[in-house]
$ cat my_file04.cif   # mmCIF, C-alpha atoms
data_input
#
loop_
_atom_site.group_PDB
_atom_site.id
_atom_site.type_symbol
_atom_site.label_atom_id
_atom_site.label_comp_id
_atom_site.auth_asym_id
_atom_site.auth_seq_id
_atom_site.Cartn_x
_atom_site.Cartn_y
_atom_site.Cartn_z
ATOM 1 C CA MET Q 237 -22.674 -43.291 -23.296
ATOM 2 C CA PRO Q 238 -23.095 -44.807 -26.767
ATOM 3 C CA PHE Q 239 -20.879 -47.839 -27.256
ATOM 4 C CA SER Q 240 -19.240 -46.276 -30.317
ATOM 5 C CA LEU Q 241 -17.862 -43.463 -28.154
ATOM 6 C CA ARG Q 242 -16.265 -45.753 -25.614
ATOM 7 C CA ALA Q 243 -13.120 -46.149 -27.712
ATOM 8 C CA GLN Q 244 -10.520 -48.442 -26.256
ATOM 9 C CA GLN Q 245 -7.455 -46.594 -25.022
ATOM 10 C CA PRO Q 246 -4.271 -47.531 -26.923
ATOM 11 C CA ALA Q 247 -1.870 -49.785 -25.041
ATOM 12 C CA ARG Q 248 1.014 -47.986 -23.385
ATOM 13 C CA LEU Q 249 4.279 -48.347 -25.299
ATOM 14 C CA ARG Q 250 6.961 -49.803 -23.035
ATOM 15 C CA ARG Q 251 10.436 -48.559 -23.902
ATOM 16 C CA VAL Q 252 13.234 -51.137 -24.180
ATOM 17 C CA ALA Q 253 16.744 -50.124 -25.232
ATOM 18 C CA ILE Q 254 19.210 -52.661 -26.633
ATOM 19 C CA VAL Q 255 22.808 -51.481 -26.381
ATOM 20 C CA GLY Q 256 25.408 -53.420 -28.321
ATOM 21 C CA ILE Q 257 26.781 -54.102 -31.777
ATOM 22 C CA GLY Q 258 24.526 -56.291 -33.873
ATOM 23 C CA ASP Q 259 21.311 -56.548 -35.834
ATOM 24 C CA LEU Q 260 17.989 -56.795 -34.028
ATOM 25 C CA GLU Q 261 16.712 -59.019 -36.854
ATOM 26 C CA LYS Q 262 19.545 -61.543 -36.455
ATOM 27 C CA PHE Q 263 20.607 -63.944 -33.723
ATOM 28 C CA PRO Q 264 21.472 -63.474 -30.894
ATOM 29 C CA LEU Q 265 19.697 -60.124 -30.493
ATOM 30 C CA SER Q 266 16.634 -61.301 -32.394
ATOM 31 C CA SER Q 267 15.979 -63.688 -29.497
ATOM 32 C CA VAL Q 268 15.145 -60.664 -27.331
ATOM 33 C CA VAL Q 269 12.361 -59.613 -29.688
ATOM 34 C CA LYS Q 270 11.173 -63.217 -30.059
ATOM 35 C CA GLY Q 271 11.026 -63.731 -26.308
ATOM 36 C CA MET Q 272 9.178 -60.462 -25.762
ATOM 37 C CA ARG Q 273 6.694 -61.417 -28.470
ATOM 38 C CA GLU Q 274 6.038 -64.710 -26.696
ATOM 39 C CA LEU Q 275 5.201 -62.673 -23.587
ATOM 40 C CA GLY Q 276 2.697 -60.574 -25.538
ATOM 41 C CA TYR Q 277 4.893 -57.580 -26.407
ATOM 42 C CA HIS Q 278 4.798 -56.621 -30.090
ATOM 43 C CA ASP Q 279 6.999 -53.960 -31.651
ATOM 44 C CA GLY Q 280 5.054 -50.777 -32.364
ATOM 45 C CA ARG Q 281 1.929 -52.030 -30.607
ATOM 46 C CA ASN Q 282 2.837 -52.129 -26.941
ATOM 47 C CA VAL Q 283 6.646 -51.987 -26.937
ATOM 48 C CA GLU Q 284 9.158 -49.643 -28.561
ATOM 49 C CA TYR Q 285 12.735 -50.769 -29.119
ATOM 50 C CA PHE Q 286 15.711 -48.422 -29.153
ATOM 51 C CA ARG Q 287 17.884 -50.382 -31.507
ATOM 52 C CA PRO Q 288 21.523 -51.468 -31.235
ATOM 53 C CA ILE Q 289 24.247 -50.468 -33.700
ATOM 54 C CA ALA Q 290 24.105 -52.948 -36.548
ATOM 55 C CA ARG Q 291 27.574 -52.255 -37.981
ATOM 56 C CA GLY Q 292 29.285 -49.866 -35.576
ATOM 57 C CA SER Q 293 32.389 -49.967 -33.390
ATOM 58 C CA TYR Q 294 33.000 -50.073 -29.652
ATOM 59 C CA GLU Q 295 33.602 -46.313 -29.532
ATOM 60 C CA ASP Q 296 29.911 -45.807 -30.395
ATOM 61 C CA LEU Q 297 28.586 -47.664 -27.348
ATOM 62 C CA ALA Q 298 29.001 -44.868 -24.771
ATOM 63 C CA GLY Q 299 26.866 -42.574 -26.904
ATOM 64 C CA LEU Q 300 24.259 -45.266 -27.404
ATOM 65 C CA ALA Q 301 24.113 -45.866 -23.641
ATOM 66 C CA THR Q 302 23.648 -42.157 -22.957
ATOM 67 C CA ALA Q 303 20.922 -41.940 -25.596
ATOM 68 C CA ALA Q 304 19.061 -44.863 -24.001
ATOM 69 C CA VAL Q 305 19.086 -43.060 -20.644
ATOM 70 C CA ASN Q 306 18.081 -39.706 -22.140
ATOM 71 C CA ARG Q 307 15.180 -41.315 -23.993
ATOM 72 C CA GLN Q 308 14.014 -42.764 -20.675
ATOM 73 C CA ALA Q 309 14.194 -46.442 -21.525
ATOM 74 C CA GLU Q 310 12.464 -48.535 -18.873
ATOM 75 C CA VAL Q 311 14.963 -51.381 -19.188
ATOM 76 C CA ILE Q 312 18.264 -51.657 -21.054
ATOM 77 C CA VAL Q 313 19.479 -54.927 -22.561
ATOM 78 C CA THR Q 314 23.257 -55.030 -23.092
ATOM 79 C CA TYR Q 315 25.128 -57.359 -25.430
ATOM 80 C CA GLY Q 316 28.759 -57.827 -24.471
ATOM 81 C CA SER Q 317 31.057 -56.610 -21.722
ATOM 82 C CA THR Q 318 31.959 -53.302 -23.397
ATOM 83 C CA ALA Q 319 28.283 -52.406 -23.839
ATOM 84 C CA THR Q 320 27.524 -53.387 -20.252
ATOM 85 C CA ALA Q 321 30.365 -51.217 -18.947
ATOM 86 C CA ALA Q 322 29.076 -48.258 -20.983
ATOM 87 C CA VAL Q 323 25.520 -48.594 -19.681
ATOM 88 C CA LYS Q 324 26.659 -49.177 -16.092
ATOM 89 C CA ALA Q 325 28.550 -45.888 -16.286
ATOM 90 C CA ALA Q 326 25.487 -44.117 -17.704
ATOM 91 C CA THR Q 327 22.839 -45.123 -15.128
ATOM 92 C CA ARG Q 328 22.425 -46.517 -11.639
ATOM 93 C CA ASP Q 329 18.639 -46.451 -11.764
ATOM 94 C CA ILE Q 330 17.386 -48.081 -14.979
ATOM 95 C CA PRO Q 331 17.340 -51.908 -14.797
ATOM 96 C CA ILE Q 332 20.077 -53.505 -16.926
ATOM 97 C CA VAL Q 333 19.827 -57.042 -18.326
ATOM 98 C CA MET Q 334 23.206 -58.176 -19.657
ATOM 99 C CA LEU Q 335 24.285 -60.991 -21.952
ATOM 100 C CA LEU Q 336 27.949 -61.793 -21.302
ATOM 101 C CA GLY Q 337 30.513 -64.441 -22.079
ATOM 102 C CA VAL Q 338 32.728 -63.458 -19.151
ATOM 103 C CA ASP Q 339 32.697 -63.284 -15.358
ATOM 104 C CA PRO Q 340 30.678 -60.187 -14.324
ATOM 105 C CA VAL Q 341 32.040 -60.333 -10.775
ATOM 106 C CA ARG Q 342 35.645 -60.057 -11.982
ATOM 107 C CA LEU Q 343 34.672 -57.088 -14.153
ATOM 108 C CA GLY Q 344 32.917 -55.384 -11.265
ATOM 109 C CA PHE Q 345 29.446 -55.402 -12.811
ATOM 110 C CA VAL Q 346 27.978 -57.270 -9.840
ATOM 111 C CA GLY Q 347 29.351 -58.418 -6.499
ATOM 112 C CA ASN Q 348 27.506 -61.721 -6.354
ATOM 113 C CA LEU Q 349 26.345 -64.080 -9.117
ATOM 114 C CA ALA Q 350 23.498 -65.619 -7.115
ATOM 115 C CA ARG Q 351 22.084 -62.324 -5.855
ATOM 116 C CA PRO Q 352 23.321 -59.461 -8.042
ATOM 117 C CA GLU Q 353 22.855 -56.167 -6.261
ATOM 118 C CA GLY Q 354 22.110 -52.764 -7.737
ATOM 119 C CA ASN Q 355 20.367 -52.432 -11.092
ATOM 120 C CA ILE Q 356 22.152 -55.205 -13.043
ATOM 121 C CA THR Q 357 21.194 -58.811 -13.723
ATOM 122 C CA GLY Q 358 21.458 -61.107 -16.725
ATOM 123 C CA ILE Q 359 22.964 -64.215 -18.295
ATOM 124 C CA VAL Q 360 26.593 -65.338 -18.396
ATOM 125 C CA THR Q 361 27.408 -67.854 -21.125
ATOM 126 C CA GLY Q 362 31.025 -68.447 -20.089
ATOM 127 C CA THR Q 363 32.371 -68.395 -23.653
ATOM 128 C CA ARG Q 364 35.718 -66.958 -22.506
ATOM 129 C CA LEU Q 365 36.359 -70.179 -20.608
ATOM 130 C CA LEU Q 366 36.043 -72.119 -23.871
ATOM 131 C CA ALA Q 367 38.976 -70.326 -25.511
ATOM 132 C CA ALA Q 368 41.517 -72.979 -24.499
ATOM 133 C CA LYS Q 369 39.206 -75.701 -25.798
ATOM 134 C CA GLN Q 370 38.958 -73.908 -29.143
ATOM 135 C CA VAL Q 371 42.735 -74.066 -29.492
ATOM 136 C CA GLU Q 372 42.640 -77.804 -28.766
ATOM 137 C CA LEU Q 373 40.034 -78.250 -31.507
ATOM 138 C CA VAL Q 374 42.291 -76.324 -33.896
ATOM 139 C CA LYS Q 375 45.107 -78.791 -33.248
ATOM 140 C CA ASP Q 376 42.763 -81.759 -33.630
ATOM 141 C CA ALA Q 377 41.407 -80.437 -36.930
ATOM 142 C CA VAL Q 378 44.832 -79.539 -38.372
ATOM 143 C CA PRO Q 379 47.436 -81.700 -36.601
ATOM 144 C CA GLY Q 380 50.299 -80.314 -38.665
ATOM 145 C CA ALA Q 381 49.500 -76.673 -37.895
ATOM 146 C CA ARG Q 382 52.365 -74.570 -36.560
ATOM 147 C CA ARG Q 383 51.160 -70.966 -36.819
ATOM 148 C CA LEU Q 384 47.796 -69.779 -35.490
ATOM 149 C CA ALA Q 385 46.447 -66.367 -36.484
ATOM 150 C CA VAL Q 386 44.042 -64.930 -33.916
ATOM 151 C CA LEU Q 387 41.589 -62.115 -34.624
ATOM 152 C CA TRP Q 388 40.962 -60.058 -31.481
ATOM 153 C CA SER Q 389 40.024 -56.553 -30.364
ATOM 154 C CA ALA Q 390 42.061 -54.497 -27.910
ATOM 155 C CA THR Q 391 39.107 -52.151 -27.396
ATOM 156 C CA SER Q 392 36.804 -54.899 -26.102
ATOM 157 C CA ALA Q 393 36.699 -55.018 -22.314
ATOM 158 C CA THR Q 394 37.900 -58.611 -21.903
ATOM 159 C CA GLN Q 395 39.753 -59.547 -25.084
ATOM 160 C CA ALA Q 396 43.272 -59.118 -23.658
ATOM 161 C CA ASP Q 397 42.600 -61.715 -20.955
ATOM 162 C CA THR Q 398 41.082 -64.130 -23.468
ATOM 163 C CA LEU Q 399 44.070 -63.713 -25.784
ATOM 164 C CA LYS Q 400 46.370 -64.707 -22.910
ATOM 165 C CA ILE Q 401 44.338 -67.895 -22.428
ATOM 166 C CA VAL Q 402 44.620 -68.664 -26.148
ATOM 167 C CA GLU Q 403 48.377 -68.011 -26.142
ATOM 168 C CA ALA Q 404 48.946 -70.236 -23.112
ATOM 169 C CA ALA Q 405 46.937 -73.088 -24.646
ATOM 170 C CA ALA Q 406 48.720 -72.676 -27.974
ATOM 171 C CA THR Q 407 52.160 -72.805 -26.335
ATOM 172 C CA ARG Q 408 51.295 -76.103 -24.654
ATOM 173 C CA LEU Q 409 50.347 -77.521 -28.060
ATOM 174 C CA GLY Q 410 53.386 -76.196 -29.916
ATOM 175 C CA LEU Q 411 51.566 -73.455 -31.816
ATOM 176 C CA VAL Q 412 52.926 -69.978 -32.510
ATOM 177 C CA VAL Q 413 50.220 -67.338 -32.089
ATOM 178 C CA VAL Q 414 50.103 -64.358 -34.463
ATOM 179 C CA PRO Q 415 47.597 -61.823 -33.037
ATOM 180 C CA ILE Q 416 45.780 -59.596 -35.531
ATOM 181 C CA GLU Q 417 43.900 -56.647 -34.040
ATOM 182 C CA VAL Q 418 40.493 -55.776 -35.457
ATOM 183 C CA ASN Q 419 39.285 -52.898 -33.313
ATOM 184 C CA ARG Q 420 36.893 -51.158 -35.689
ATOM 185 C CA PRO Q 421 35.148 -51.956 -38.983
ATOM 186 C CA ASP Q 422 37.762 -50.075 -41.034
ATOM 187 C CA ASP Q 423 40.423 -52.525 -39.831
ATOM 188 C CA LEU Q 424 38.815 -55.194 -41.992
ATOM 189 C CA LYS Q 425 40.090 -53.348 -45.063
ATOM 190 C CA THR Q 426 43.649 -54.445 -44.225
ATOM 191 C CA LEU Q 427 42.756 -57.888 -42.890
ATOM 192 C CA SER Q 428 43.670 -59.680 -46.112
ATOM 193 C CA THR Q 429 47.163 -58.169 -46.056
ATOM 194 C CA ALA Q 430 47.607 -58.962 -42.352
ATOM 195 C CA LEU Q 431 46.615 -62.578 -42.917
ATOM 196 C CA SER Q 432 49.100 -62.913 -45.770
ATOM 197 C CA LYS Q 433 51.906 -61.586 -43.571
ATOM 198 C CA ALA Q 434 50.916 -63.918 -40.724
ATOM 199 C CA ARG Q 435 51.605 -67.018 -42.872
ATOM 200 C CA ALA Q 436 49.205 -68.894 -40.602
ATOM 201 C CA ASP Q 437 47.997 -72.456 -41.017
ATOM 202 C CA VAL Q 438 44.783 -71.816 -39.085
ATOM 203 C CA LEU Q 439 42.698 -68.790 -38.129
ATOM 204 C CA LEU Q 440 40.879 -68.455 -34.799
ATOM 205 C CA THR Q 441 38.501 -65.600 -34.045
ATOM 206 C CA ILE Q 442 37.968 -64.525 -30.442
ATOM 207 C CA GLY Q 443 34.287 -63.694 -30.441
ATOM 208 C CA THR Q 444 33.355 -60.025 -30.198
ATOM 209 C CA ALA Q 445 30.037 -58.354 -30.883
ATOM 210 C CA MET Q 446 31.555 -56.402 -33.783
ATOM 211 C CA LEU Q 447 33.115 -59.454 -35.447
ATOM 212 C CA THR Q 448 29.926 -61.447 -34.923
ATOM 213 C CA ALA Q 449 27.910 -58.721 -36.630
ATOM 214 C CA ARG Q 450 30.344 -58.799 -39.589
ATOM 215 C CA ARG Q 451 31.016 -62.530 -39.660
ATOM 216 C CA ASP Q 452 29.979 -62.924 -43.330
ATOM 217 C CA GLU Q 453 32.426 -60.199 -44.329
ATOM 218 C CA VAL Q 454 35.219 -61.776 -42.274
ATOM 219 C CA VAL Q 455 34.617 -65.211 -43.796
ATOM 220 C CA GLY Q 456 34.626 -63.701 -47.279
ATOM 221 C CA ILE Q 457 37.960 -61.971 -46.697
ATOM 222 C CA VAL Q 458 39.544 -65.114 -45.270
ATOM 223 C CA ALA Q 459 38.240 -67.253 -48.143
#
$ encode --input "my_file04.cif" --output "structure tokens"
Amino acid sequence: MPFSLRAQQPARLRRVAIVGIGDLEKFPLSSVVKGMRELGYHDGRNVEYFRPIARGSYEDLAGLATAAVNRQAEVIVTYGSTATAAVKAATRDIPIVMLLGVDPVRLGFVGNLARPEGNITGIVTGTRLLAAKQVELVKDAVPGARRLAVLWSATSATQADTLKIVEAAATRLGLVVVPIEVNRPDDLKTLSTALSKARADVLLTIGTAMLTARRDEVVGIVA
């Protein structure tokens, strides 16, 4: 057969879904693409990404998880506990790689950290455990502070527990906590008014995927 006819077959596109709220071009989700590239997987050449929701809300995650399963993703990367819960409910077969800041055993995602069973594995950063330390840093930075406004989301899977940790730490340090719920992007429209009513000396944000994705907007409103 003439050499010119022996065309090389195109590389198979591997399908990777990323379920969460955030931008695939920005940290931390961009690290997934960077790491895959280092392993020889390039977007559009031999891997196809089903993208996360750049500026959505937690209510959108169940639909995104279902879409990832229906489009037959070969592996699903989840960012955050709410996204992981949505994907876990959507499939027991597709491998799930989660990035969490909370205890996956307590949430029922896995039964064992060392040897996670089923179709779930991943990385736990333990950021929830740092909540009390954040309150201590607030007091160190502003010793005269008396009122602490806290941005949090009641729709995130673990925020209520984290808020309790913040409130307990604040009480020990003589701070009054004023919780401000930010459950969906539209809630940011009233954030300025809520902050004015809170009469807070310091603002603490409990990290959520949605607030992280909109951190520039939040900082602008606070400023």
$ atom_distance --input "my_file04.cif" --atom1 "atom CA of Q:Leu384" --atom2 "atom CA of Q:Val412"
5.9 Å
$ closest_atom_pairs --input "my_file04.cif" --of "stretch 346-405 of chain Q" --to "stretch 414-426 of chain Q" --cutoff "9 Å" --atoms "only C-alpha atoms" --output "Markdown table"
| residue | atom | partner | partner_atom | distance |
| --- | --- | --- | --- | --- |
| Q:Arg383 | CA | Q:Val414 | CA | 7.1 |
| Q:Leu384 | CA | Q:Val414 | CA | 6.0 |
| Q:Ala385 | CA | Q:Val414 | CA | 4.6 |
| Q:Val386 | CA | Q:Pro415 | CA | 4.8 |
| Q:Leu387 | CA | Q:Ile416 | CA | 5.0 |
| Q:Trp388 | CA | Q:Glu417 | CA | 5.2 |
| Q:Ser389 | CA | Q:Asn419 | CA | 4.8 |
| Q:Ala390 | CA | Q:Asn419 | CA | 6.3 |
| Q:Thr391 | CA | Q:Asn419 | CA | 6.0 |
| Q:Ser392 | CA | Q:Asn419 | CA | 7.9 |
| Q:Leu399 | CA | Q:Pro415 | CA | 8.3 |
$ closest_residue --input "my_file04.cif" --among "Q:Ala253, Q:Tyr294, Q:Ala325, Q:Arg351" --to "Q:Gln308" --atoms "only C-alpha atoms"
Q:Ala253
$ closest_residue --input "my_file04.cif" --among "Q:Ala449, Q:Val458, Q:Ala326, Q:Leu439" --to "Q:Leu260" --atoms "all atoms listed in the file"
Q:Ala449
$ atom_distance --input "my_file04.cif" --atom1 "atom CA of Q:Pro288" --atom2 "atom CA of Q:Asp339"
22.7 Å
$ residues_around --input "my_file04.cif" --residues "Q:Ile332" --least-positions-apart "3" --cutoff "12 Å" --atoms "only C-alpha atoms" --output "CSV table (one decimal) with C-alpha atoms, in the frame of the given file"
chain,number,residue,atom,x,y,z
Q,252,VAL,CA,13.2,-51.1,-24.2
Q,253,ALA,CA,16.7,-50.1,-25.2
Q,254,ILE,CA,19.2,-52.7,-26.6
Q,255,VAL,CA,22.8,-51.5,-26.4
Q,301,ALA,CA,24.1,-45.9,-23.6
Q,304,ALA,CA,19.1,-44.9,-24.0
Q,305,VAL,CA,19.1,-43.1,-20.6
Q,309,ALA,CA,14.2,-46.4,-21.5
Q,310,GLU,CA,12.5,-48.5,-18.9
Q,311,VAL,CA,15.0,-51.4,-19.2
Q,312,ILE,CA,18.3,-51.7,-21.1
Q,313,VAL,CA,19.5,-54.9,-22.6
Q,314,THR,CA,23.3,-55.0,-23.1
Q,315,TYR,CA,25.1,-57.4,-25.4
Q,319,ALA,CA,28.3,-52.4,-23.8
Q,320,THR,CA,27.5,-53.4,-20.3
Q,321,ALA,CA,30.4,-51.2,-18.9
Q,322,ALA,CA,29.1,-48.3,-21.0
Q,323,VAL,CA,25.5,-48.6,-19.7
Q,324,LYS,CA,26.7,-49.2,-16.1
Q,325,ALA,CA,28.6,-45.9,-16.3
Q,326,ALA,CA,25.5,-44.1,-17.7
Q,327,THR,CA,22.8,-45.1,-15.1
Q,328,ARG,CA,22.4,-46.5,-11.6
Q,329,ASP,CA,18.6,-46.5,-11.8
Q,335,LEU,CA,24.3,-61.0,-22.0
Q,345,PHE,CA,29.4,-55.4,-12.8
Q,346,VAL,CA,28.0,-57.3,-9.8
Q,352,PRO,CA,23.3,-59.5,-8.0
Q,353,GLU,CA,22.9,-56.2,-6.3
Q,354,GLY,CA,22.1,-52.8,-7.7
Q,355,ASN,CA,20.4,-52.4,-11.1
Q,356,ILE,CA,22.2,-55.2,-13.0
Q,357,THR,CA,21.2,-58.8,-13.7
Q,358,GLY,CA,21.5,-61.1,-16.7
Q,359,ILE,CA,23.0,-64.2,-18.3
$ resolve_selection --input "my_file04.cif" --expression "the PyMOL selection byres ((chain Q and resi 371) around 8)" --output "count of residues only"
12
$ closest_residue --input "my_file04.cif" --among "Q:Ser428, Q:Asn306, Q:Gln395, Q:Thr318" --to "Q:Gly443" --atoms "all atoms listed in the file"
Q:Gln395
$ atom_distance --input "my_file04.cif" --atom1 "atom CA of Q:Gly258" --atom2 "atom CA of Q:Thr448"
7.5 Å
$ axis_aligned_box --input "my_file04.cif" --around "stretch 332-350 of chain Q" --padding-each-side "3 Å" --output "JSON"
{"center_x": 27.7, "center_y": -59.6, "center_z": -14.2, "size_x": 21.8, "size_y": 18.1, "size_z": 21.7}
$ build_atoms --input "my_file04.cif" --residues "stretch 374-384 of chain Q" --atoms "all heavy atoms" --output "PDB file, in the frame of the given file"
ATOM      1  N   VAL Q 374      41.461 -76.724 -32.757  1.00  0.00           N
ATOM      2  CA  VAL Q 374      42.291 -76.324 -33.896  1.00  0.00           C
ATOM      3  C   VAL Q 374      43.353 -77.376 -34.157  1.00  0.00           C
ATOM      4  O   VAL Q 374      43.570 -77.812 -35.301  1.00  0.00           O
ATOM      5  CB  VAL Q 374      42.938 -74.946 -33.624  1.00  0.00           C
ATOM      6  CG1 VAL Q 374      44.105 -74.705 -34.577  1.00  0.00           C
ATOM      7  CG2 VAL Q 374      41.914 -73.829 -33.771  1.00  0.00           C
ATOM      8  N   LYS Q 375      44.033 -77.810 -33.104  1.00  0.00           N
ATOM      9  CA  LYS Q 375      45.107 -78.791 -33.248  1.00  0.00           C
ATOM     10  C   LYS Q 375      44.564 -80.141 -33.695  1.00  0.00           C
ATOM     11  O   LYS Q 375      45.198 -80.857 -34.480  1.00  0.00           O
ATOM     12  CB  LYS Q 375      45.845 -78.927 -31.917  1.00  0.00           C
ATOM     13  CG  LYS Q 375      47.176 -79.677 -32.018  1.00  0.00           C
ATOM     14  CD  LYS Q 375      48.183 -78.936 -32.883  1.00  0.00           C
ATOM     15  CE  LYS Q 375      49.532 -79.641 -32.866  1.00  0.00           C
ATOM     16  NZ  LYS Q 375      50.518 -78.977 -33.736  1.00  0.00           N
ATOM     17  N   ASP Q 376      43.384 -80.501 -33.204  1.00  0.00           N
ATOM     18  CA  ASP Q 376      42.763 -81.759 -33.630  1.00  0.00           C
ATOM     19  C   ASP Q 376      42.383 -81.706 -35.111  1.00  0.00           C
ATOM     20  O   ASP Q 376      42.535 -82.696 -35.840  1.00  0.00           O
ATOM     21  CB  ASP Q 376      41.510 -82.034 -32.792  1.00  0.00           C
ATOM     22  CG  ASP Q 376      41.845 -82.442 -31.361  1.00  0.00           C
ATOM     23  OD1 ASP Q 376      43.021 -82.796 -31.112  1.00  0.00           O
ATOM     24  OD2 ASP Q 376      40.951 -82.376 -30.502  1.00  0.00           O
ATOM     25  N   ALA Q 377      41.870 -80.566 -35.554  1.00  0.00           N
ATOM     26  CA  ALA Q 377      41.407 -80.437 -36.930  1.00  0.00           C
ATOM     27  C   ALA Q 377      42.571 -80.364 -37.920  1.00  0.00           C
ATOM     28  O   ALA Q 377      42.487 -80.893 -39.029  1.00  0.00           O
ATOM     29  CB  ALA Q 377      40.525 -79.196 -37.070  1.00  0.00           C
ATOM     30  N   VAL Q 378      43.662 -79.698 -37.489  1.00  0.00           N
ATOM     31  CA  VAL Q 378      44.832 -79.539 -38.372  1.00  0.00           C
ATOM     32  C   VAL Q 378      46.077 -79.943 -37.570  1.00  0.00           C
ATOM     33  O   VAL Q 378      46.796 -79.084 -37.049  1.00  0.00           O
ATOM     34  CB  VAL Q 378      44.959 -78.080 -38.876  1.00  0.00           C
ATOM     35  CG1 VAL Q 378      46.040 -77.982 -39.954  1.00  0.00           C
ATOM     36  CG2 VAL Q 378      43.628 -77.565 -39.401  1.00  0.00           C
ATOM     37  N   PRO Q 379      46.336 -81.229 -37.454  1.00  0.00           N
ATOM     38  CA  PRO Q 379      47.436 -81.700 -36.601  1.00  0.00           C
ATOM     39  C   PRO Q 379      48.800 -81.122 -36.965  1.00  0.00           C
ATOM     40  O   PRO Q 379      49.655 -80.932 -36.104  1.00  0.00           O
ATOM     41  CB  PRO Q 379      47.408 -83.220 -36.807  1.00  0.00           C
ATOM     42  CG  PRO Q 379      46.012 -83.523 -37.266  1.00  0.00           C
ATOM     43  CD  PRO Q 379      45.601 -82.341 -38.069  1.00  0.00           C
ATOM     44  N   GLY Q 380      49.001 -80.827 -38.242  1.00  0.00           N
ATOM     45  CA  GLY Q 380      50.299 -80.314 -38.665  1.00  0.00           C
ATOM     46  C   GLY Q 380      50.451 -78.814 -38.538  1.00  0.00           C
ATOM     47  O   GLY Q 380      51.493 -78.263 -38.937  1.00  0.00           O
ATOM     48  N   ALA Q 381      49.453 -78.130 -38.000  1.00  0.00           N
ATOM     49  CA  ALA Q 381      49.500 -76.673 -37.895  1.00  0.00           C
ATOM     50  C   ALA Q 381      50.632 -76.224 -36.981  1.00  0.00           C
ATOM     51  O   ALA Q 381      50.895 -76.842 -35.947  1.00  0.00           O
ATOM     52  CB  ALA Q 381      48.171 -76.140 -37.376  1.00  0.00           C
ATOM     53  N   ARG Q 382      51.284 -75.130 -37.376  1.00  0.00           N
ATOM     54  CA  ARG Q 382      52.365 -74.570 -36.560  1.00  0.00           C
ATOM     55  C   ARG Q 382      52.105 -73.107 -36.191  1.00  0.00           C
ATOM     56  O   ARG Q 382      52.533 -72.651 -35.140  1.00  0.00           O
ATOM     57  CB  ARG Q 382      53.696 -74.667 -37.320  1.00  0.00           C
ATOM     58  CG  ARG Q 382      54.201 -76.086 -37.492  1.00  0.00           C
ATOM     59  CD  ARG Q 382      54.614 -76.699 -36.164  1.00  0.00           C
ATOM     60  NE  ARG Q 382      55.061 -78.079 -36.303  1.00  0.00           N
ATOM     61  CZ  ARG Q 382      54.282 -79.125 -36.140  1.00  0.00           C
ATOM     62  NH1 ARG Q 382      52.990 -78.937 -35.841  1.00  0.00           N
ATOM     63  NH2 ARG Q 382      54.732 -80.354 -36.263  1.00  0.00           N
ATOM     64  N   ARG Q 383      51.413 -72.387 -37.061  1.00  0.00           N
ATOM     65  CA  ARG Q 383      51.160 -70.966 -36.819  1.00  0.00           C
ATOM     66  C   ARG Q 383      49.652 -70.711 -36.781  1.00  0.00           C
ATOM     67  O   ARG Q 383      48.916 -71.123 -37.688  1.00  0.00           O
ATOM     68  CB  ARG Q 383      51.821 -70.102 -37.899  1.00  0.00           C
ATOM     69  CG  ARG Q 383      53.346 -70.169 -37.862  1.00  0.00           C
ATOM     70  CD  ARG Q 383      53.970 -69.412 -39.022  1.00  0.00           C
ATOM     71  NE  ARG Q 383      53.710 -67.985 -38.971  1.00  0.00           N
ATOM     72  CZ  ARG Q 383      54.427 -67.117 -38.252  1.00  0.00           C
ATOM     73  NH1 ARG Q 383      55.426 -67.554 -37.493  1.00  0.00           N
ATOM     74  NH2 ARG Q 383      54.145 -65.819 -38.281  1.00  0.00           N
ATOM     75  N   LEU Q 384      49.217 -70.038 -35.726  1.00  0.00           N
ATOM     76  CA  LEU Q 384      47.796 -69.779 -35.490  1.00  0.00           C
ATOM     77  C   LEU Q 384      47.550 -68.277 -35.474  1.00  0.00           C
ATOM     78  O   LEU Q 384      48.022 -67.566 -34.574  1.00  0.00           O
ATOM     79  CB  LEU Q 384      47.359 -70.388 -34.153  1.00  0.00           C
ATOM     80  CG  LEU Q 384      45.939 -70.080 -33.672  1.00  0.00           C
ATOM     81  CD1 LEU Q 384      44.896 -70.666 -34.617  1.00  0.00           C
ATOM     82  CD2 LEU Q 384      45.732 -70.605 -32.249  1.00  0.00           C
TER      83      LEU Q 384
END
